[in-house]
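File shown: protein_25.csv. Contents: CSV, C-alpha atoms.
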chain,number,residue,atom,x,y,z
A,295,LEU,CA,0.0,0.0,0.0
A,296,ALA,CA,2.8,2.4,0.9
A,297,GLN,CA,4.6,1.7,-2.3
A,298,LYS,CA,1.4,2.5,-4.3
A,299,VAL,CA,0.5,5.7,-2.6
A,300,LEU,CA,4.1,7.1,-2.2
A,301,PRO,CA,4.3,8.7,-5.7
A,302,THR,CA,0.9,10.3,-5.3
A,303,LEU,CA,1.8,11.7,-1.9
A,304,LYS,CA,5.1,13.2,-3.2
A,305,ARG,CA,3.3,14.7,-6.1
A,306,THR,CA,0.3,16.2,-4.2
A,307,LEU,CA,1.8,17.0,-0.8
A,308,GLY,CA,5.5,17.6,-1.7
A,309,GLU,CA,8.7,15.6,-1.2
A,310,THR,CA,9.2,16.6,2.4
A,311,HIS,CA,5.6,16.3,3.8
A,312,THR,CA,5.0,14.4,7.0
A,313,GLU,CA,2.9,11.8,5.2
A,314,VAL,CA,5.7,11.1,2.7
A,315,THR,CA,8.1,10.4,5.6
A,316,ALA,CA,5.5,8.1,7.2
A,317,ALA,CA,5.0,6.2,3.9
A,318,LEU,CA,8.8,5.8,3.4
A,319,ALA,CA,9.2,4.5,7.0
A,320,LEU,CA,6.3,2.1,6.6
A,321,LEU,CA,7.7,0.8,3.3
A,322,ALA,CA,11.2,0.5,4.8
A,323,TYR,CA,9.8,-1.4,7.8
A,324,ALA,CA,8.0,-3.8,5.4
A,325,ARG,CA,11.1,-4.4,3.3
A,326,ARG,CA,13.1,-5.1,6.5
A,327,HIS,CA,10.7,-7.8,7.5
A,328,ALA,CA,10.8,-9.2,4.0
A,329,ASN,CA,14.6,-9.5,4.5
A,330,GLN,CA,15.3,-6.9,1.8
A,331,LEU,CA,17.8,-5.2,4.0
A,332,HIS,CA,19.6,-2.9,1.6
A,333,GLU,CA,16.4,-1.6,0.1
A,334,SER,CA,15.1,-1.0,3.7
A,335,ILE,CA,18.3,1.0,4.6
A,336,ASP,CA,17.9,3.2,1.5
A,337,LEU,CA,14.2,4.0,2.4
A,338,PHE,CA,15.0,4.7,6.1
A,339,GLU,CA,17.9,7.0,5.0
A,340,GLN,CA,15.4,8.9,2.8
A,341,ALA,CA,13.1,9.2,5.7
A,342,GLU,CA,15.9,10.4,7.9
A,343,ALA,CA,17.0,13.0,5.4
A,344,ILE,CA,13.5,14.4,5.1
A,345,LEU,CA,13.1,14.6,8.9
A,346,VAL,CA,16.5,16.5,9.3
A,347,THR,CA,15.7,18.8,6.4
A,348,ARG,CA,12.3,19.6,7.9
A,349,GLY,CA,13.8,20.2,11.3
A,350,ASP,CA,11.9,17.5,13.0
A,351,THR,CA,14.9,16.4,15.0
A,352,CYS,CA,13.0,16.2,18.3
A,353,SER,CA,10.1,14.1,17.1
A,354,ARG,CA,9.8,10.5,18.1
A,355,GLN,CA,10.0,9.5,14.5
A,356,LEU,CA,13.7,10.3,14.0
A,357,PRO,CA,15.0,8.1,16.8
A,358,TRP,CA,12.7,5.3,15.6
A,359,VAL,CA,14.1,5.6,12.1
A,360,LEU,CA,17.7,5.7,13.4
A,361,ARG,CA,17.1,2.7,15.6
A,362,ASN,CA,15.9,0.7,12.6
A,363,LEU,CA,18.9,1.8,10.6
A,364,GLY,CA,21.2,0.6,13.4
A,365,HIS,CA,19.5,-2.8,13.5
A,366,LEU,CA,19.8,-3.1,9.8
A,367,HIS,CA,23.5,-2.2,9.7
A,368,SER,CA,24.2,-4.7,12.5
A,369,ALA,CA,22.3,-7.5,10.6
A,370,LEU,CA,24.5,-6.8,7.6
A,371,GLY,CA,27.7,-7.0,9.7
A,372,ASN,CA,28.4,-3.3,9.7
A,373,GLN,CA,28.8,-3.1,13.5
A,374,SER,CA,30.8,0.1,13.7
A,375,ALA,CA,28.2,1.9,11.7
A,376,ALA,CA,25.4,0.4,13.8
A,377,ASP,CA,27.2,1.5,17.0
A,378,SER,CA,27.4,5.1,15.9
A,379,ILE,CA,23.9,5.2,14.6
A,380,MET,CA,22.5,3.9,17.9
A,381,ILE,CA,24.2,6.7,19.8
A,382,ARG,CA,22.7,9.2,17.4
A,383,ALA,CA,19.3,7.5,18.0
A,384,TYR,CA,19.8,8.0,21.7
A,385,SER,CA,20.6,11.7,21.3
A,386,ALA,CA,17.5,12.1,19.1
A,387,ALA,CA,15.4,10.3,21.7
A,388,GLU,CA,16.7,12.5,24.5
A,389,CYS,CA,15.4,15.5,22.5
A,390,SER,CA,11.9,13.9,22.1
A,391,ASN,CA,11.3,13.6,25.8
A,392,ASP,CA,9.9,10.1,25.4
A,393,SER,CA,11.5,8.4,28.5
A,394,SER,CA,10.3,4.9,27.8
A,395,PHE,CA,11.7,4.9,24.2
A,396,LEU,CA,14.9,6.6,25.5
A,397,ALA,CA,15.4,3.6,27.9
A,398,THR,CA,14.9,1.2,25.1
A,399,ILE,CA,17.5,2.9,22.9
A,400,ALA,CA,19.9,3.1,25.8
A,401,MET,CA,19.5,-0.6,26.2
A,402,ASP,CA,20.2,-1.1,22.5
A,403,VAL,CA,23.4,1.0,22.7
A,404,GLY,CA,24.5,-1.1,25.6
A,405,LEU,CA,23.9,-4.3,23.7
A,406,TYR,CA,25.7,-3.1,20.6
A,407,HIS,CA,28.8,-1.9,22.5
A,408,ARG,CA,29.0,-4.7,25.0
A,409,ARG,CA,31.9,-6.5,23.3
A,410,SER,CA,33.6,-3.6,21.4
A,411,ASP,CA,33.4,-1.0,24.1
A,412,PRO,CA,32.4,-2.3,27.5
A,413,SER,CA,32.8,1.1,29.3
A,414,THR,CA,30.3,2.7,26.9
A,415,ALA,CA,28.0,-0.3,27.2
A,416,LYS,CA,28.0,0.0,31.0
A,417,ARG,CA,27.3,3.7,30.9
A,418,TYR,CA,24.2,3.2,28.7
A,419,TYR,CA,23.0,0.2,30.5
A,420,LEU,CA,23.0,2.3,33.7
A,421,LYS,CA,21.2,5.1,31.9
A,422,ALA,CA,18.5,2.6,30.9
A,423,LEU,CA,18.2,1.1,34.4
A,424,ALA,CA,18.0,4.6,35.9
A,425,ILE,CA,15.1,5.6,33.6
A,426,VAL,CA,13.0,2.5,34.2
A,427,ASN,CA,13.7,2.7,37.9
A,428,ASP,CA,12.3,6.2,37.8
A,429,ILE,CA,9.3,5.5,35.6
A,430,HIS,CA,8.4,1.9,36.5
A,431,GLY,CA,10.2,1.3,39.8
A,432,GLY,CA,12.5,-1.1,38.0
A,433,LYS,CA,9.6,-3.5,37.1
A,434,HIS,CA,10.1,-3.5,33.4
A,435,HIS,CA,11.6,-5.8,30.7
A,436,VAL,CA,14.3,-3.1,29.9
A,437,ALA,CA,15.5,-3.5,33.5
A,438,VAL,CA,15.9,-7.2,32.9
A,439,ILE,CA,18.0,-6.8,29.8
A,440,ALA,CA,20.1,-3.9,31.2
A,441,GLN,CA,21.0,-5.8,34.4
A,442,GLN,CA,21.9,-8.9,32.3
A,443,GLY,CA,24.1,-6.7,30.1
A,444,LEU,CA,25.8,-5.0,33.1
A,445,ALA,CA,26.5,-8.4,34.6
A,446,GLN,CA,28.2,-9.6,31.4
A,447,CYS,CA,30.4,-6.4,31.3
A,448,LEU,CA,31.3,-6.8,35.0
A,449,ILE,CA,32.2,-10.5,34.6
A,450,ALA,CA,34.6,-9.5,31.7
A,451,GLU,CA,36.2,-7.0,34.1
A,452,GLY,CA,36.5,-9.5,37.0
A,453,GLU,CA,33.9,-7.7,39.2
A,454,ASN,CA,32.2,-11.0,40.0
A,455,GLU,CA,30.3,-10.0,43.1
A,456,GLN,CA,28.7,-7.0,41.5
A,457,ALA,CA,27.9,-9.2,38.4
A,458,ARG,CA,26.2,-11.7,40.7
A,459,ARG,CA,23.9,-9.1,42.2
A,460,TYR,CA,22.9,-7.9,38.7
A,461,ILE,CA,22.2,-11.5,37.5
A,462,SER,CA,20.1,-12.2,40.6
A,463,GLY,CA,18.2,-8.8,40.1
A,464,ALA,CA,17.6,-9.5,36.4
A,465,LEU,CA,16.2,-13.0,37.1
A,466,SER,CA,14.0,-11.8,40.0
A,467,THR,CA,12.6,-9.0,37.8
A,468,ALA,CA,12.0,-11.4,34.9
A,469,ARG,CA,10.0,-13.8,37.1
A,470,GLU,CA,7.9,-10.9,38.3
A,471,VAL,CA,7.2,-8.9,35.1
A,472,LEU,CA,7.6,-11.3,32.1
A,473,ASP,CA,5.2,-13.8,30.8
A,474,THR,CA,6.7,-17.2,31.4
A,475,THR,CA,5.5,-18.5,28.0
A,476,ASP,CA,7.3,-15.6,26.2
A,477,THR,CA,10.6,-15.9,24.5
A,478,ASP,CA,11.9,-12.9,26.5
A,479,PHE,CA,11.5,-14.9,29.6
A,480,LEU,CA,13.3,-17.9,28.1
A,481,MET,CA,16.2,-15.7,27.1
A,482,SER,CA,16.4,-14.2,30.6
A,483,LEU,CA,16.7,-17.8,32.0
A,484,TRP,CA,19.4,-18.6,29.5
A,485,MET,CA,21.3,-15.4,30.2
A,486,ALA,CA,21.2,-16.0,34.0
A,487,ALA,CA,22.5,-19.6,33.5
A,488,ASP,CA,25.3,-18.3,31.2
A,489,GLY,CA,26.2,-15.7,33.8
A,490,TYR,CA,26.4,-18.2,36.6
A,491,TYR,CA,28.4,-20.6,34.4
A,492,LYS,CA,30.9,-17.8,33.8
A,493,LEU,CA,31.1,-17.2,37.6
A,494,ARG,CA,31.7,-21.0,38.0
A,495,ASP,CA,28.5,-21.5,39.9
A,496,PHE,CA,27.7,-24.6,37.9
A,497,VAL,CA,25.0,-26.0,40.1
A,498,LEU,CA,22.9,-22.8,39.6
A,499,ALA,CA,23.7,-22.8,35.9
A,500,GLU,CA,22.5,-26.4,35.6
A,501,SER,CA,19.2,-25.7,37.4
A,502,LEU,CA,18.4,-22.7,35.2
A,503,ASN,CA,19.5,-24.5,32.0
A,504,ARG,CA,17.2,-27.4,32.9
A,505,GLU,CA,14.3,-25.1,33.6
A,506,CYS,CA,14.9,-23.2,30.3
A,507,GLN,CA,15.2,-26.4,28.3
A,508,TRP,CA,11.9,-27.7,29.7
A,509,ARG,CA,10.1,-24.5,28.8
A,510,VAL,CA,11.7,-24.3,25.4
A,511,GLU,CA,10.6,-27.8,24.5
A,512,LYS,CA,7.1,-27.1,25.8
A,513,ILE,CA,6.7,-23.7,24.1
A,514,LEU,CA,8.8,-23.8,20.9
A,515,GLY,CA,9.2,-27.6,20.4
A,516,PRO,CA,12.2,-29.9,20.1
A,517,ASP,CA,13.1,-28.9,16.5
A,518,HIS,CA,13.6,-25.2,17.3
A,519,GLN,CA,17.1,-23.8,17.2
A,520,TRP,CA,16.8,-22.7,20.8
A,521,TYR,CA,16.2,-26.3,21.9
A,522,SER,CA,19.4,-27.4,20.3
A,523,ALA,CA,21.2,-24.4,21.8
A,524,GLY,CA,19.8,-25.4,25.2
A,525,LEU,CA,21.1,-29.0,24.8
A,526,ALA,CA,24.6,-27.6,24.1
A,527,ALA,CA,24.4,-25.4,27.2
A,528,LEU,CA,23.3,-28.3,29.3
A,529,ALA,CA,26.0,-30.5,27.9
A,530,TYR,CA,28.9,-28.2,28.8
A,531,THR,CA,27.4,-27.5,32.2
A,532,TYR,CA,27.2,-31.2,32.9
A,533,GLY,CA,30.8,-31.5,31.7
A,534,ALA,CA,31.9,-28.7,34.1
A,535,LEU,CA,30.2,-30.7,36.9
A,536,HIS,CA,32.0,-33.9,35.8
A,537,LYS,CA,28.7,-35.5,34.9
A,538,TYR,CA,30.2,-36.9,31.7
A,539,ASP,CA,27.6,-39.5,30.9
A,540,GLU,CA,24.8,-36.8,31.1
A,541,SER,CA,26.9,-34.5,29.0
A,542,LEU,CA,27.4,-37.1,26.3
A,543,GLU,CA,23.7,-37.9,26.3
A,544,CYS,CA,22.9,-34.2,25.7
A,545,TYR,CA,25.4,-34.2,22.8
A,546,ARG,CA,23.8,-37.3,21.4
A,547,GLN,CA,20.3,-35.7,21.5
A,548,LEU,CA,21.8,-32.5,20.0
A,549,LEU,CA,23.3,-34.4,17.1
A,550,ASN,CA,19.9,-35.9,16.3
A,551,VAL,CA,18.2,-32.5,16.4
A,552,ARG,CA,20.9,-31.0,14.2
A,553,GLN,CA,20.5,-33.8,11.8
A,554,ARG,CA,16.8,-32.9,11.3
A,555,GLN,CA,17.6,-29.2,11.2
A,556,ILE,CA,20.4,-29.3,8.7
A,557,LYS,CA,18.4,-31.4,6.3
A,558,THR,CA,15.6,-28.9,6.3
A,559,VAL,CA,18.0,-25.9,6.1
A,560,LEU,CA,20.1,-27.2,3.2
A,561,ALA,CA,17.1,-28.3,1.2
A,562,SER,CA,15.0,-25.1,1.4
A,563,THR,CA,17.2,-22.0,2.0
A,564,SER,CA,19.5,-19.7,0.0
A,565,ASP,CA,23.2,-20.3,-0.2
A,566,GLN,CA,23.9,-17.4,2.2
A,567,GLU,CA,21.5,-18.9,4.7
A,568,LYS,CA,23.1,-22.3,4.4
A,569,VAL,CA,26.6,-20.9,5.0
A,570,GLU,CA,25.3,-18.9,8.0
A,571,PHE,CA,23.6,-21.9,9.5
A,572,LEU,CA,26.6,-24.1,9.2
A,573,ARG,CA,28.8,-21.4,10.6
A,574,MET,CA,26.6,-21.0,13.7
A,575,PHE,CA,25.7,-24.7,14.1
A,576,PRO,CA,28.5,-26.8,12.8
A,577,PRO,CA,27.8,-30.5,12.6
A,578,LEU,CA,31.1,-31.5,14.3
A,579,PHE,CA,31.9,-31.0,17.9
A,580,ASP,CA,35.2,-30.6,19.7
A,581,GLU,CA,33.5,-31.3,23.1
A,582,PRO,CA,32.6,-35.0,22.4
A,583,ILE,CA,36.3,-35.6,21.6
A,584,ALA,CA,37.3,-34.0,24.9
A,585,LEU,CA,34.6,-36.0,26.8
A,586,ALA,CA,35.8,-39.2,25.2
A,587,LEU,CA,39.2,-38.6,26.7
A,588,LYS,CA,37.8,-37.9,30.1
A,589,CYS,CA,35.2,-40.7,30.4
A,590,GLN,CA,36.2,-43.8,32.3
A,591,SER,CA,33.8,-46.2,30.6
A,592,ALA,CA,34.4,-47.8,27.2
A,593,GLU,CA,30.7,-47.3,26.4
A,594,SER,CA,31.0,-43.6,26.8
A,595,ARG,CA,34.1,-43.4,24.7
A,596,GLN,CA,32.4,-45.5,22.0
A,597,LEU,CA,29.4,-43.1,22.1
A,598,ALA,CA,31.7,-40.1,21.6
A,599,MET,CA,33.4,-41.7,18.6
A,600,GLU,CA,30.1,-42.6,17.0
A,601,MET,CA,28.9,-39.1,17.4
A,602,ILE,CA,32.0,-37.8,15.6
A,603,LEU,CA,31.4,-40.1,12.7
A,604,LYS,CA,27.7,-39.2,12.5
A,605,GLY,CA,28.7,-35.5,12.5
A,606,LYS,CA,30.9,-36.1,9.5
A,607,ALA,CA,28.0,-37.8,7.7
A,608,LEU,CA,25.5,-35.0,8.1
A,609,VAL,CA,26.6,-32.5,5.5
A,610,PRO,CA,27.2,-34.9,2.6
A,611,GLU,CA,23.8,-36.6,3.3
A,612,ALA,CA,21.9,-33.3,3.5
A,613,ALA,CA,23.8,-31.8,0.5
A,614,MET,CA,22.8,-34.7,-1.7
A,615,ALA,CA,19.1,-34.3,-0.6
A,616,GLU,CA,19.4,-30.7,-1.9
A,617,LYS,CA,21.0,-31.8,-5.1
A,618,GLU,CA,18.3,-34.3,-5.8
A,619,THR,CA,15.8,-31.4,-6.3
A,620,ALA,CA,18.1,-29.7,-8.9
A,621,PHE,CA,18.5,-32.6,-11.4
A,622,ASP,CA,17.2,-31.2,-14.7
A,623,SER,CA,19.0,-32.5,-17.7
A,624,ASP,CA,18.2,-34.1,-21.1
A,625,ASP,CA,21.3,-36.3,-20.7
A,626,SER,CA,19.9,-39.6,-19.4
A,627,SER,CA,23.3,-41.0,-18.6
A,628,LEU,CA,24.2,-38.0,-16.5
A,629,VAL,CA,20.9,-38.3,-14.6
A,630,ASP,CA,21.6,-42.0,-14.0
A,631,ASN,CA,25.1,-41.3,-12.7
A,632,LEU,CA,23.9,-38.5,-10.4
A,633,ASN,CA,21.2,-40.8,-9.1
A,634,CYS,CA,23.7,-43.6,-8.5
A,635,LEU,CA,26.0,-41.1,-6.8
A,636,ARG,CA,23.1,-40.0,-4.5
A,637,GLN,CA,22.4,-43.7,-3.6
A,638,ILE,CA,26.0,-44.4,-2.8
A,639,ARG,CA,26.3,-41.3,-0.6
A,640,ASP,CA,23.0,-42.1,1.1
A,641,ALA,CA,24.2,-45.6,1.8
A,642,ALA,CA,27.4,-44.4,3.3
A,643,ALA,CA,25.8,-41.7,5.4
A,644,ASN,CA,23.0,-44.0,6.6
A,645,ALA,CA,25.4,-46.7,7.5
A,646,VAL,CA,27.3,-44.3,9.7
A,647,LEU,CA,24.2,-42.7,11.1
A,648,SER,CA,22.7,-46.0,12.0
A,649,GLY,CA,25.9,-47.2,13.7
A,650,ALA,CA,26.0,-50.3,11.3
A,651,ALA,CA,29.1,-49.2,9.3
A,652,ASP,CA,32.3,-51.2,9.2
A,653,LYS,CA,35.7,-50.2,7.8
A,654,ASP,CA,35.6,-52.5,4.7
A,655,SER,CA,32.0,-51.7,3.6
A,656,LEU,CA,32.6,-48.0,4.0
A,657,ALA,CA,35.9,-48.2,2.0
A,658,THR,CA,34.0,-50.0,-0.8
A,659,LEU,CA,31.3,-47.3,-0.9
A,660,ARG,CA,33.8,-44.5,-0.8
A,661,ALA,CA,35.8,-46.0,-3.7
A,662,ALA,CA,32.6,-46.3,-5.8
A,663,GLN,CA,31.7,-42.7,-4.9
A,664,ASP,CA,35.2,-41.4,-5.9
A,665,SER,CA,34.9,-43.2,-9.2
A,666,LEU,CA,31.5,-41.8,-10.1
A,667,GLU,CA,32.5,-38.3,-9.0
A,668,VAL,CA,35.5,-38.4,-11.4
A,669,GLU,CA,33.4,-39.7,-14.2
Reformat the file's structure so that it appears as structure tokens.
Amino acid sequence: LAQKVLPTLKRTLGETHTEVTAALALLAYARRHANQLHESIDLFEQAEAILVTRGDTCSRQLPWVLRNLGHLHSALGNQSAADSIMIRAYSAAECSNDSSFLATIAMDVGLYHRRSDPSTAKRYYLKALAIVNDIHGGKHHVAVIAQQGLAQCLIAEGENEQARRYISGALSTAREVLDTTDTDFLMSLWMAADGYYKLRDFVLAESLNRECQWRVEKILGPDHQWYSAGLAALAYTYGALHKYDESLECYRQLLNVRQRQIKTVLASTSDQEKVEFLRMFPPLFDEPIALALKCQSAESRQLAMEMILKGKALVPEAAMAEKETAFDSDDSSLVDNLNCLRQIRDAAANAVLSGAADKDSLATLRAAQDSLEVE
């Protein structure tokens, strides 16, 4: 709708009219949610230019536009640009006298600077916390995120006791003000668990990770990426507590979930999304190798070795599932060879994944695969 009316608005009301800015921002927001990030940036920048030209630097619209620009640059990996834009958004929000929105942007500035500039992050987290304490008595979701961020900064600086107080405060506020079925609450549990893990309070970290995992499975389901992330968090927490068998069991469950996820992702997403998924969720794990060395039982070591082999089988198996959909050729011999190659790779992958593979049968399959690939 915005795209249709925009030319008419510009022609009848003028290039810098308020309604033109609103239409540009609405169209930019729609493009952002359609994952058309570069187009969205261009439209938001047009809206920003009109607001500045018109002198509307103290309206709530300018910080909202800048905040979206910051998020977009961050999503594209332009973190330095995102950091500076967020600080401009905070300055614009200060001028607008919208305290609630100011607290939200202060929180964003803290999030964006937490790793690159912890001192700036702390300063803005404290600003956000002071604002919500003044307006809401601290009972607000911004207070949860600000305290979590402060705790992470303080842990990095070795201020563990202060960090512990903020972790506890964030968790207490989350339980009081957030809906326990909302993803914000799940994230607050995970962040608290992560904080306690970094403080080496592994018992508390285990308790919170278990609660978070139970809620994620109930709310989002066992195929969600948060569920697999929770399994990983539980696995390394169990490892820190020397509960190696429990840790390996979590990794085994994680591998099974990843297997389902990676097949879906590689068969139905763009090349960029495939690469990003594999970067964030690699199918091989260093941890099972370390656990295999620590475990006393032969059964645990065997499980770890099986998991490593299964991990190696995931990508070829899923990649061939994707290739199958792309076969489109008039050359019948080529199609026959591709189908044969798929069957060989499937047989090798399934043998490993089922645990039924032996050295000689795998060697035979790999030799046939090599021969077909060369042909």
List as a list in words the residues having at least one atom at most 12 Å from position (18.0, 13.1, 7.4) as given in the file, counting all atoms listed in the file.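 It turns out the residues near that spot are Thr310, Thr315, Asp336, Leu337, Phe338, Glu339, Gln340, Ala341, Glu342, Ala343, Ile344, Leu345, Val346, Thr347, Arg348, Gly349, Asp350, Thr351, Gln355, Leu356, Pro357, Val359, Leu360, Leu363, Arg382 and Ala386 of chain A.
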If you count only C-alpha atoms, which residues fall within 10 Å of A:Val314, apart from same-chain ones fewer than 2 positions away, as a PyMOL selection string? chain A and resi 296+299-305+307-312+316-320+340-341+344
Select, from A:Leu549, A:Ala464, A:Ala450, A:Ala324, the residue with the minimum atom-to-atom distance to A:Leu423, counting all atoms listed in the file. A:Ala464
Selection near A:Met380, 7 Å with only C-alpha atoms, sequence-local residues under 4 positions removed, as a PyMOL selection string: chain A and resi 360-361+364+376+384+403
Point-to-point distance from atom CA of A:Glu313 to atom CA of A:Arg326, Å rounded to tenths: 19.8 Å
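Taking atom CA of A:Arg409 and atom CA of A:Ile449 as the two end points, the separation is 12.0 Å.
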Expressed in Å to a single decimal, how great is the separation between atom CA of A:Leu480 and atom CA of A:Val426? 21.3 Å
Kindly complete stretch 425-440 of chain A to N, CA, C and O atoms; the output should be written as a PDB file, in the coordinates of the input.
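This is the output file result.pdb:
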ATOM      1  N   ILE A 425      16.403   5.090  34.126  1.00  0.00           N
ATOM      2  CA  ILE A 425      15.100   5.600  33.600  1.00  0.00           C
ATOM      3  C   ILE A 425      13.980   4.677  33.970  1.00  0.00           C
ATOM      4  O   ILE A 425      12.931   5.150  34.423  1.00  0.00           O
ATOM      5  N   VAL A 426      14.140   3.357  33.829  1.00  0.00           N
ATOM      6  CA  VAL A 426      13.000   2.500  34.200  1.00  0.00           C
ATOM      7  C   VAL A 426      12.807   2.385  35.670  1.00  0.00           C
ATOM      8  O   VAL A 426      11.678   2.148  36.121  1.00  0.00           O
ATOM      9  N   ASN A 427      13.862   2.592  36.448  1.00  0.00           N
ATOM     10  CA  ASN A 427      13.700   2.700  37.900  1.00  0.00           C
ATOM     11  C   ASN A 427      12.815   3.886  38.257  1.00  0.00           C
ATOM     12  O   ASN A 427      11.947   3.820  39.132  1.00  0.00           O
ATOM     13  N   ASP A 428      13.070   4.994  37.566  1.00  0.00           N
ATOM     14  CA  ASP A 428      12.300   6.200  37.800  1.00  0.00           C
ATOM     15  C   ASP A 428      10.877   6.125  37.370  1.00  0.00           C
ATOM     16  O   ASP A 428       9.965   6.571  38.068  1.00  0.00           O
ATOM     17  N   ILE A 429      10.665   5.504  36.194  1.00  0.00           N
ATOM     18  CA  ILE A 429       9.300   5.500  35.600  1.00  0.00           C
ATOM     19  C   ILE A 429       8.500   4.277  36.166  1.00  0.00           C
ATOM     20  O   ILE A 429       7.333   4.414  36.536  1.00  0.00           O
ATOM     21  N   HIS A 430       9.127   3.116  36.217  1.00  0.00           N
ATOM     22  CA  HIS A 430       8.400   1.900  36.500  1.00  0.00           C
ATOM     23  C   HIS A 430       8.835   1.233  37.833  1.00  0.00           C
ATOM     24  O   HIS A 430       8.403   0.110  38.130  1.00  0.00           O
ATOM     25  N   GLY A 431       9.674   1.898  38.591  1.00  0.00           N
ATOM     26  CA  GLY A 431      10.200   1.300  39.800  1.00  0.00           C
ATOM     27  C   GLY A 431      11.033   0.062  39.548  1.00  0.00           C
ATOM     28  O   GLY A 431      11.170  -0.828  40.402  1.00  0.00           O
ATOM     29  N   GLY A 432      11.612   0.020  38.359  1.00  0.00           N
ATOM     30  CA  GLY A 432      12.500  -1.100  38.000  1.00  0.00           C
ATOM     31  C   GLY A 432      11.751  -2.317  37.492  1.00  0.00           C
ATOM     32  O   GLY A 432      12.371  -3.289  37.065  1.00  0.00           O
ATOM     33  N   LYS A 433      10.420  -2.298  37.525  1.00  0.00           N
ATOM     34  CA  LYS A 433       9.600  -3.500  37.100  1.00  0.00           C
ATOM     35  C   LYS A 433       9.295  -3.370  35.628  1.00  0.00           C
ATOM     36  O   LYS A 433       8.182  -3.043  35.225  1.00  0.00           O
ATOM     37  N   HIS A 434      10.274  -3.664  34.800  1.00  0.00           N
ATOM     38  CA  HIS A 434      10.100  -3.500  33.400  1.00  0.00           C
ATOM     39  C   HIS A 434      11.097  -4.396  32.643  1.00  0.00           C
ATOM     40  O   HIS A 434      12.186  -4.692  33.169  1.00  0.00           O
ATOM     41  N   HIS A 435      10.727  -4.848  31.421  1.00  0.00           N
ATOM     42  CA  HIS A 435      11.600  -5.800  30.700  1.00  0.00           C
ATOM     43  C   HIS A 435      12.943  -5.140  30.354  1.00  0.00           C
ATOM     44  O   HIS A 435      13.962  -5.836  30.258  1.00  0.00           O
ATOM     45  N   VAL A 436      12.984  -3.809  30.180  1.00  0.00           N
ATOM     46  CA  VAL A 436      14.300  -3.100  29.900  1.00  0.00           C
ATOM     47  C   VAL A 436      15.209  -3.307  31.098  1.00  0.00           C
ATOM     48  O   VAL A 436      16.425  -3.476  30.919  1.00  0.00           O
ATOM     49  N   ALA A 437      14.659  -3.292  32.313  1.00  0.00           N
ATOM     50  CA  ALA A 437      15.500  -3.500  33.500  1.00  0.00           C
ATOM     51  C   ALA A 437      16.119  -4.874  33.506  1.00  0.00           C
ATOM     52  O   ALA A 437      17.268  -5.051  33.942  1.00  0.00           O
ATOM     53  N   VAL A 438      15.391  -5.867  33.007  1.00  0.00           N
ATOM     54  CA  VAL A 438      15.900  -7.200  32.900  1.00  0.00           C
ATOM     55  C   VAL A 438      17.138  -7.261  32.000  1.00  0.00           C
ATOM     56  O   VAL A 438      18.221  -7.740  32.368  1.00  0.00           O
ATOM     57  N   ILE A 439      16.969  -6.727  30.793  1.00  0.00           N
ATOM     58  CA  ILE A 439      18.000  -6.800  29.800  1.00  0.00           C
ATOM     59  C   ILE A 439      19.231  -5.928  30.219  1.00  0.00           C
ATOM     60  O   ILE A 439      20.395  -6.325  30.048  1.00  0.00           O
ATOM     61  N   ALA A 440      18.964  -4.746  30.800  1.00  0.00           N
ATOM     62  CA  ALA A 440      20.100  -3.900  31.200  1.00  0.00           C
ATOM     63  C   ALA A 440      20.885  -4.525  32.329  1.00  0.00           C
ATOM     64  O   ALA A 440      22.127  -4.459  32.311  1.00  0.00           O
TER      65      ALA A 440
END
